[in-house]
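Heads up: the structure comes next, in structure tokens.
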Amino acid sequence: MNYTNLALTLSATLIASTNVYATPVTTATSFIVGQEKDFLPTTANEEGYWYSRYNLTALSMQSGMGMAIPMEKIMPMMPDLMKSVGASVDNPVTPPVNPTMLMTVYKSGNPHYLTTPNQKDFSTLKWQSYSKTLSNEASAWTIVKELEWAKAFHRNAHFGQANVDNFGANERFAGVMLALMAKMQMQAYSENMVDYEMPKAGDYALLIALSDGANVYSSASQTNNEGVRADVQNYPAENRYTDKMTADMFSSMAASHFTKVLNSKPTTIRDLSLAIQSVIWYASVTQDNTELVNAKNAVTNWGNKLAKLTAKNPTDSAYQVRGLIEVGRTTKTETYLTTAATVFKKMTTGFDTAHGVLKGTTTLTIDGVGEIVGAFNAADLFLDKRIDQTAAKNIFTAWWEGTINLSGLQLSAPDVAQMKSPYDTKQPTLDYRYPTTPLPTKIAPVFAASITWKNNAWQANQNKFDTAGAMHAANEMVWLHSDELNGFPVVTFNK
């Protein structure tokens with residue numbers, strides 16, 4: 001499809017699709033107020049990739065928002081780490097200057113810089129203040145984010161093969177450091193659980209993190225649980241992150257935590273959806289038949305309850321869509337997918353084409369934004385002809401530009417020259433940063449904790465960073481690249 005005149009395309013598509021969208025959206029001769037004419041569906045996907053990367057880097061290596069890993073623990077590992085990524089004189093690793101690598105992450109903080117920032121010196125990028133509260137939810141989603149980016153940096157297609165290709169050593173090094181941080185953060189959690197808040201949603205995020213880590217650190221190549229689309233089989237034959245002791249720790253903790261999740265009794269739309277997602281992640285790594293049966297029974301039971309609830313806002317709808325699709329695709333049961341399609345249609349009906357806002361939007365938390373991204377992604381991948389996919393793609397593109405970019409949700413974004421290695425494929429500047437997004441001269445390149453839509457204008461909460469929500473959203477955004485990273489683990493329950 002030619003998206004050059006996306007305004008007319010979206011309006012015409014939605015008017016013609018009244019059988020899919022019971023109430024057509026407002027017909028508008030203009031499109032998003034403040035729209036960039038070259039903003040395409042692929043632009044949203046690419047921005048998601050980079051926003052995810054900005055948020056993780058700013059939190060885990062710059063913010064100082066947690067207890068730092070002592071450098072004396074890291075320095076003895078450096079020679080082996082450099083060797084594993086194929087660093088050489090012609091393909092050197094240039095570590096960031098003065099990073100603060102976190103062993104624990106705090107629940108929230110103020111992302112304004114404490115001093116005048118120098119983007120080349122991470123010690124100048126510390127944040128103004130922190131809550132100093134630990135949460136299993138914040139830690140779990142951060143660990144998942146680190147593991148997912150470690151997998152991304154492990155891909156031959158983007159960052160080359162160690163000791164073969166003469167590029168990519170820096171990114172491969174970033175991958176091994178992220179895998180190192182994830183294991184240290186999980187160990188810190190396991191040794192000091194009494195210090196952490198334990199919300200139910202955090203239990204579900206933790207099972208996802210434990211399951212993901214059990215896979216990443218195993219001796220298998222990094223193709224495990226990938227495969228929504230075809231071109232993911234391009235990882236090295238050897239897994240740079242193999243660590244049997246760590247894999248055993250994650251696996252053992254996951255098995256124990258799985259029992260806790262099964263007994264957790266979720267009741268709300270959000271909790272039911274997250275519980276379903278977490279159990280499916282665990283089912284993708286266990287080989288125990290009894291556990292698989294228990295997982296299927298839990299997913300089906302929770303799916304039945306989720307299907308009966310009524311979403312009252314776009315965030316609830318997104319959680320409901322995401323959870324029902326997970327049940328439907330893993331149990332191969334059409335009813336859940338059909339219900340998910342109905343909820344998705346409700347979520348997108350009445351879409352404001354002038355501003356890129358879903359009907360019913362008031363205040364959106366960053367966690368809610370992330371789940372809406374996940375719902376659009378899941379609908380694209382798994383709902384097929386149950387919805388109008390063209391209309392859905394157009395709404396997603398317009399929603400992204402209006403609700404994510406023009407809202408000020410991404411508080412700042414670095415200059416493109418700071419982010420891309422010279423060997424990388426050249427892409428449009430719009431793929432990395434939106435023109436109205438400021439440079440990080442006063443505030444870190446991270447998500448606001450929330451955005452509020454009132455009187456046809458957005459207001460972003462710039463004084464708070466919500467770790468759990470931001471890392472959850474960052475995961476959902478990078479999972480838009482399902483040909484590279486799969487946020488929908490491959491599971492098919494036996495009938």
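Chain labels run A, B, ... following the order of the structure tokens; each chain numbers its residues from 1, and ligands are numbered from 1 in the order shown.
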Which residues of region 385-481 of chain A come within 9 Å of region 99-120 of chain A, and for each one, what is the closest pair of atoms and their distance in Å to one decimal, counting only C-alpha atoms, sorted by chain and residue number, as a tab-separated table?
```
residue	atom	partner	partner_atom	distance
A:Pro414	CA	A:Gln119	CA	8.6
A:Gln418	CA	A:Gln119	CA	8.5
A:Pro440	CA	A:Pro117	CA	8.0
A:Thr441	CA	A:Pro117	CA	6.4
A:Lys442	CA	A:Tyr113	CA	5.7
A:Ile443	CA	A:His112	CA	4.1
A:Ala444	CA	A:Pro111	CA	5.6
A:Pro445	CA	A:Pro111	CA	8.5
A:Val446	CA	A:Pro111	CA	7.6
A:Ala448	CA	A:Pro111	CA	8.7
A:Ala449	CA	A:Ser108	CA	8.9
A:Gln462	CA	A:Pro111	CA	7.7
A:Asn463	CA	A:Asn110	CA	5.0
A:Lys464	CA	A:Asn110	CA	4.7
A:Phe465	CA	A:Gly109	CA	5.2
A:Asp466	CA	A:Ser108	CA	4.8
A:Thr467	CA	A:Lys107	CA	5.5
A:Ala468	CA	A:Lys107	CA	7.0
```
Okay, now the selection with C-alpha atoms, as a PDB file, in the first residue's frame?
```pdb
ATOM      1  CA  PRO A 414      19.680  11.714  21.352  1.00  0.00           C
ATOM      2  CA  GLN A 418      25.292   9.346  18.708  1.00  0.00           C
ATOM      3  CA  PRO A 440      18.664  15.304  26.109  1.00  0.00           C
ATOM      4  CA  THR A 441      20.082  18.564  27.427  1.00  0.00           C
ATOM      5  CA  LYS A 442      17.969  18.651  30.591  1.00  0.00           C
ATOM      6  CA  ILE A 443      16.155  15.337  30.824  1.00  0.00           C
ATOM      7  CA  ALA A 444      17.037  11.741  30.013  1.00  0.00           C
ATOM      8  CA  PRO A 445      15.799  10.033  26.810  1.00  0.00           C
ATOM      9  CA  VAL A 446      13.154   7.982  28.602  1.00  0.00           C
ATOM     10  CA  ALA A 448       7.218   9.862  31.037  1.00  0.00           C
ATOM     11  CA  ALA A 449       5.355   7.908  33.703  1.00  0.00           C
ATOM     12  CA  GLN A 462       8.009  14.778  33.104  1.00  0.00           C
ATOM     13  CA  ASN A 463       9.018  14.506  36.750  1.00  0.00           C
ATOM     14  CA  LYS A 464       8.547  10.777  37.189  1.00  0.00           C
ATOM     15  CA  PHE A 465       9.989   7.702  35.540  1.00  0.00           C
ATOM     16  CA  ASP A 466       8.116   4.464  36.309  1.00  0.00           C
ATOM     17  CA  THR A 467      10.653   1.653  35.926  1.00  0.00           C
ATOM     18  CA  ALA A 468       8.245  -1.279  35.632  1.00  0.00           C
TER      19      ALA A 468
END
```
Compile the contact shell of Val373 (chain A) as a PDB file with N, CA and C atoms, in the first residue's frame: residues with an atom at most 9 Å away, counting only C-alpha atoms, same-chain residues fewer than 5 positions apart removed.
```
ATOM      1  N   ALA A 318      -6.783  -3.368  25.735  1.00  0.00           N
ATOM      2  CA  ALA A 318      -5.506  -3.888  25.247  1.00  0.00           C
ATOM      3  C   ALA A 318      -5.068  -5.107  26.046  1.00  0.00           C
ATOM      4  N   GLY A 368       0.243   1.190  30.437  1.00  0.00           N
ATOM      5  CA  GLY A 368      -0.901   1.058  29.540  1.00  0.00           C
ATOM      6  C   GLY A 368      -0.526   1.294  28.090  1.00  0.00           C
ATOM      7  N   ALA A 378      -0.058  -8.020  18.591  1.00  0.00           N
ATOM      8  CA  ALA A 378      -0.672  -9.342  18.640  1.00  0.00           C
ATOM      9  C   ALA A 378      -1.793  -9.471  17.609  1.00  0.00           C
ATOM     10  N   PHE A 396      -2.957   2.087  14.005  1.00  0.00           N
ATOM     11  CA  PHE A 396      -1.752   1.967  14.830  1.00  0.00           C
ATOM     12  C   PHE A 396      -0.748   3.055  14.477  1.00  0.00           C
ATOM     13  N   TRP A 400       0.309   5.920  17.066  1.00  0.00           N
ATOM     14  CA  TRP A 400       1.701   6.054  17.496  1.00  0.00           C
ATOM     15  C   TRP A 400       2.161   7.507  17.353  1.00  0.00           C
ATOM     16  N   ALA A 473       6.852  -1.352  28.562  1.00  0.00           N
ATOM     17  CA  ALA A 473       6.575  -0.723  27.271  1.00  0.00           C
ATOM     18  C   ALA A 473       7.746  -0.915  26.313  1.00  0.00           C
ATOM     19  N   GLU A 476       7.486  -4.361  24.817  1.00  0.00           N
ATOM     20  CA  GLU A 476       6.427  -4.478  23.812  1.00  0.00           C
ATOM     21  C   GLU A 476       6.827  -3.765  22.517  1.00  0.00           C
ATOM     22  N   MET A 477       7.568  -2.680  22.647  1.00  0.00           N
ATOM     23  CA  MET A 477       7.974  -1.936  21.450  1.00  0.00           C
ATOM     24  C   MET A 477       9.023  -2.677  20.635  1.00  0.00           C
ATOM     25  N   LEU A 480       7.730  -5.449  18.445  1.00  0.00           N
ATOM     26  CA  LEU A 480       7.159  -5.136  17.138  1.00  0.00           C
ATOM     27  C   LEU A 480       8.034  -5.715  16.029  1.00  0.00           C
TER      28      LEU A 480
END
```
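Proximity to Val357 (chain A) was assessed for A:Glu401, A:Asp316, A:Asp195, A:Glu326 counting only C-alpha atoms; the smallest distance is recorded for A:Glu401.
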**Request:** Give me every alpha helix (DSSP H) residue in region 47-220 of chain A, going by DSSP on the backbone, as a PyMOL selection string.
**Result:** chain A and resi 47-57+71-74+78-84+136-152+156-159+169-191+200-216
Produce a file of the selected residues containing C-alpha atoms, as a compact mmCIF listing (two decimals), in the first residue's frame.
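Below is the file out22.txt, written as the result:
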```txt
# COMPACT_ATOMS: atom_id res chain seq x y z
CA GLU A 47 11.02 4.26 16.50
CA GLY A 48 9.84 1.53 18.86
CA TYR A 49 13.17 -0.26 18.41
CA TRP A 50 15.15 2.87 19.23
CA TYR A 51 12.92 4.18 22.03
CA SER A 52 13.32 0.77 23.66
CA ARG A 53 17.09 1.04 23.38
CA TYR A 54 17.22 4.62 24.69
CA ASN A 55 15.16 3.78 27.76
CA LEU A 56 17.19 0.71 28.68
CA THR A 57 20.56 2.42 28.22
CA MET A 71 33.72 -2.53 39.06
CA GLU A 72 36.08 -4.94 40.82
CA LYS A 73 33.52 -7.66 40.03
CA ILE A 74 33.55 -6.80 36.35
CA MET A 78 36.98 -8.21 30.70
CA PRO A 79 39.63 -10.25 28.82
CA ASP A 80 37.27 -13.20 28.35
CA LEU A 81 34.36 -10.93 27.42
CA MET A 82 36.45 -9.14 24.82
CA LYS A 83 37.56 -12.45 23.37
CA SER A 84 34.02 -13.80 23.21
CA ASN A 136 9.88 -7.29 41.96
CA GLU A 137 7.90 -5.80 39.06
CA ALA A 138 10.49 -3.12 38.27
CA SER A 139 13.37 -5.57 38.54
CA ALA A 140 11.63 -8.27 36.50
CA TRP A 141 10.72 -6.08 33.53
CA THR A 142 14.22 -4.59 33.56
CA ILE A 143 15.75 -8.07 33.47
CA VAL A 144 13.48 -9.05 30.57
CA LYS A 145 14.52 -5.89 28.74
CA GLU A 146 18.20 -6.67 29.25
CA LEU A 147 17.74 -10.26 28.11
CA GLU A 148 15.79 -9.24 25.02
CA TRP A 149 18.42 -6.71 23.98
CA ALA A 150 21.14 -9.23 24.72
CA LYS A 151 19.39 -11.50 22.22
CA ALA A 152 19.13 -8.64 19.74
CA ASN A 156 24.51 -12.13 12.99
CA ALA A 157 22.28 -10.19 10.59
CA HIS A 158 22.71 -6.89 12.42
CA PHE A 159 25.94 -7.09 14.34
CA ALA A 169 32.19 -5.82 18.30
CA ASN A 170 30.80 -2.87 20.28
CA GLU A 171 27.22 -4.09 20.02
CA ARG A 172 28.20 -7.69 20.74
CA PHE A 173 30.02 -6.42 23.82
CA ALA A 174 26.88 -4.53 24.88
CA GLY A 175 25.02 -7.83 24.62
CA VAL A 176 27.34 -9.71 26.96
CA MET A 177 27.23 -6.84 29.47
CA LEU A 178 23.41 -6.84 29.43
CA ALA A 179 23.36 -10.61 29.97
CA LEU A 180 25.79 -10.09 32.86
CA MET A 181 23.63 -7.38 34.46
CA ALA A 182 20.47 -9.48 34.16
CA LYS A 183 22.02 -12.41 36.02
CA MET A 184 23.46 -10.16 38.75
CA GLN A 185 20.13 -8.39 39.20
CA MET A 186 18.29 -11.69 39.53
CA GLN A 187 20.86 -12.92 42.03
CA ALA A 188 20.51 -9.72 44.06
CA TYR A 189 16.74 -10.21 44.09
CA SER A 190 16.97 -13.88 45.11
CA GLU A 191 19.27 -13.04 48.02
CA LYS A 200 0.81 -9.55 42.01
CA ALA A 201 1.68 -8.04 38.63
CA GLY A 202 5.32 -8.28 39.68
CA ASP A 203 4.94 -12.01 40.26
CA TYR A 204 3.77 -12.42 36.68
CA ALA A 205 6.57 -10.26 35.28
CA LEU A 206 9.05 -12.24 37.36
CA LEU A 207 7.94 -15.56 35.86
CA ILE A 208 8.47 -14.07 32.39
CA ALA A 209 11.96 -12.91 33.40
CA LEU A 210 12.90 -16.28 34.92
CA SER A 211 11.60 -18.18 31.90
CA ASP A 212 13.40 -15.89 29.47
CA GLY A 213 16.66 -16.21 31.40
CA ALA A 214 16.39 -19.99 31.67
CA ASN A 215 16.38 -20.00 27.87
CA VAL A 216 19.02 -17.34 27.24
```
**Asked** Interatomic distance between CA of Gly408 (chain A) and CA of Ile269 (chain A)?
**Response**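 Between CA of Gly408 (chain A) and CA of Ile269 (chain A) the gap works out to 27.6 Å.
The environment of Ala460 (chain A) within 7 Å, counting only C-alpha atoms and disregarding residues fewer than 6 places along the same chain, consists of Ser407, Gly408, Leu409, Ala448, Ser450, Ile451 and Thr452 of chain A.
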**Prompt:** Which residue gives the smallest distance to Gln410 (chain A) among A:Gly303, A:Gly469, A:Pro438, A:Pro92, with only C-alpha atoms counted?
**Reply:**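 That would be A:Pro438, the residue with the smallest distance to Gln410 (chain A).
Atom to atom, CA of Asn377 (chain A) and CA of Lys308 (chain A) stand 22.7 Å apart.
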**Message:** For a quick check of understanding, using only C-alpha atoms, which of A:Ile404, A:Ala413, A:Ala298, A:Ala392 has the smallest distance to Val327 (chain A)?
**Reply:** A:Ala298
**Message:** To test your reading of the structure, identify every residue in region 131-315 of chain A that backbone DSSP assigns to strand (DSSP E or B), and report it as a list in words.
**Reply:**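 After running DSSP on the backbone, region 131-315 of chain A has strand (DSSP E or B) at Leu134, Ser135, Tyr196 and Glu197 of chain A.
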Would you mind exporting the chosen residues as a PDB file, in the first residue's frame, restricted to C-alpha atoms?
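Contents of selection34.pdb, freshly written:
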```
ATOM      1  CA  LEU A 134      12.787  -1.941  45.273  1.00  0.00           C
ATOM      2  CA  SER A 135      10.008  -3.814  43.492  1.00  0.00           C
ATOM      3  CA  TYR A 196      11.328  -5.892  47.590  1.00  0.00           C
ATOM      4  CA  GLU A 197       7.701  -4.904  47.171  1.00  0.00           C
TER       5      GLU A 197
END
```
**Request:** Would you kindly return, as an NGL selection string, each protein, DNA or RNA residue with an atom no farther than 9 Å from any atom of Ala295 (chain A), considering only C-alpha atoms and excluding same-chain residues fewer than 6 positions away?
**Result:** :A and (258 or 262 or 276 or 279-280 or 282-283 or 493)
**Prompt:** Given the choices A:Gly350, A:Gly360, A:Gly328, A:Gly64, which gets closest to Gln128 (chain A) if the distance is worked out from only C-alpha atoms?
**Reply:** A:Gly64
**Asked** Quick one: residues within 12 Å of Gly168 (chain A), only C-alpha atoms counted, chain neighbours fewer than 5 positions away excluded, as a list in words?
**Response**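 Counting only C-alpha atoms, the residues come to Val85, Gly86, Ala87, Ser88, Asp90, Asn91, Pro92, Val93, Thr94, Phe153, His154, Arg155, Asn156, Ala157, His158, Phe159, Gly160, Gln161, Ala162, Asn163, Phe173, Ala174, Gly175, Lys420, Ser421, Pro422, Tyr423 and Asp424 of chain A.
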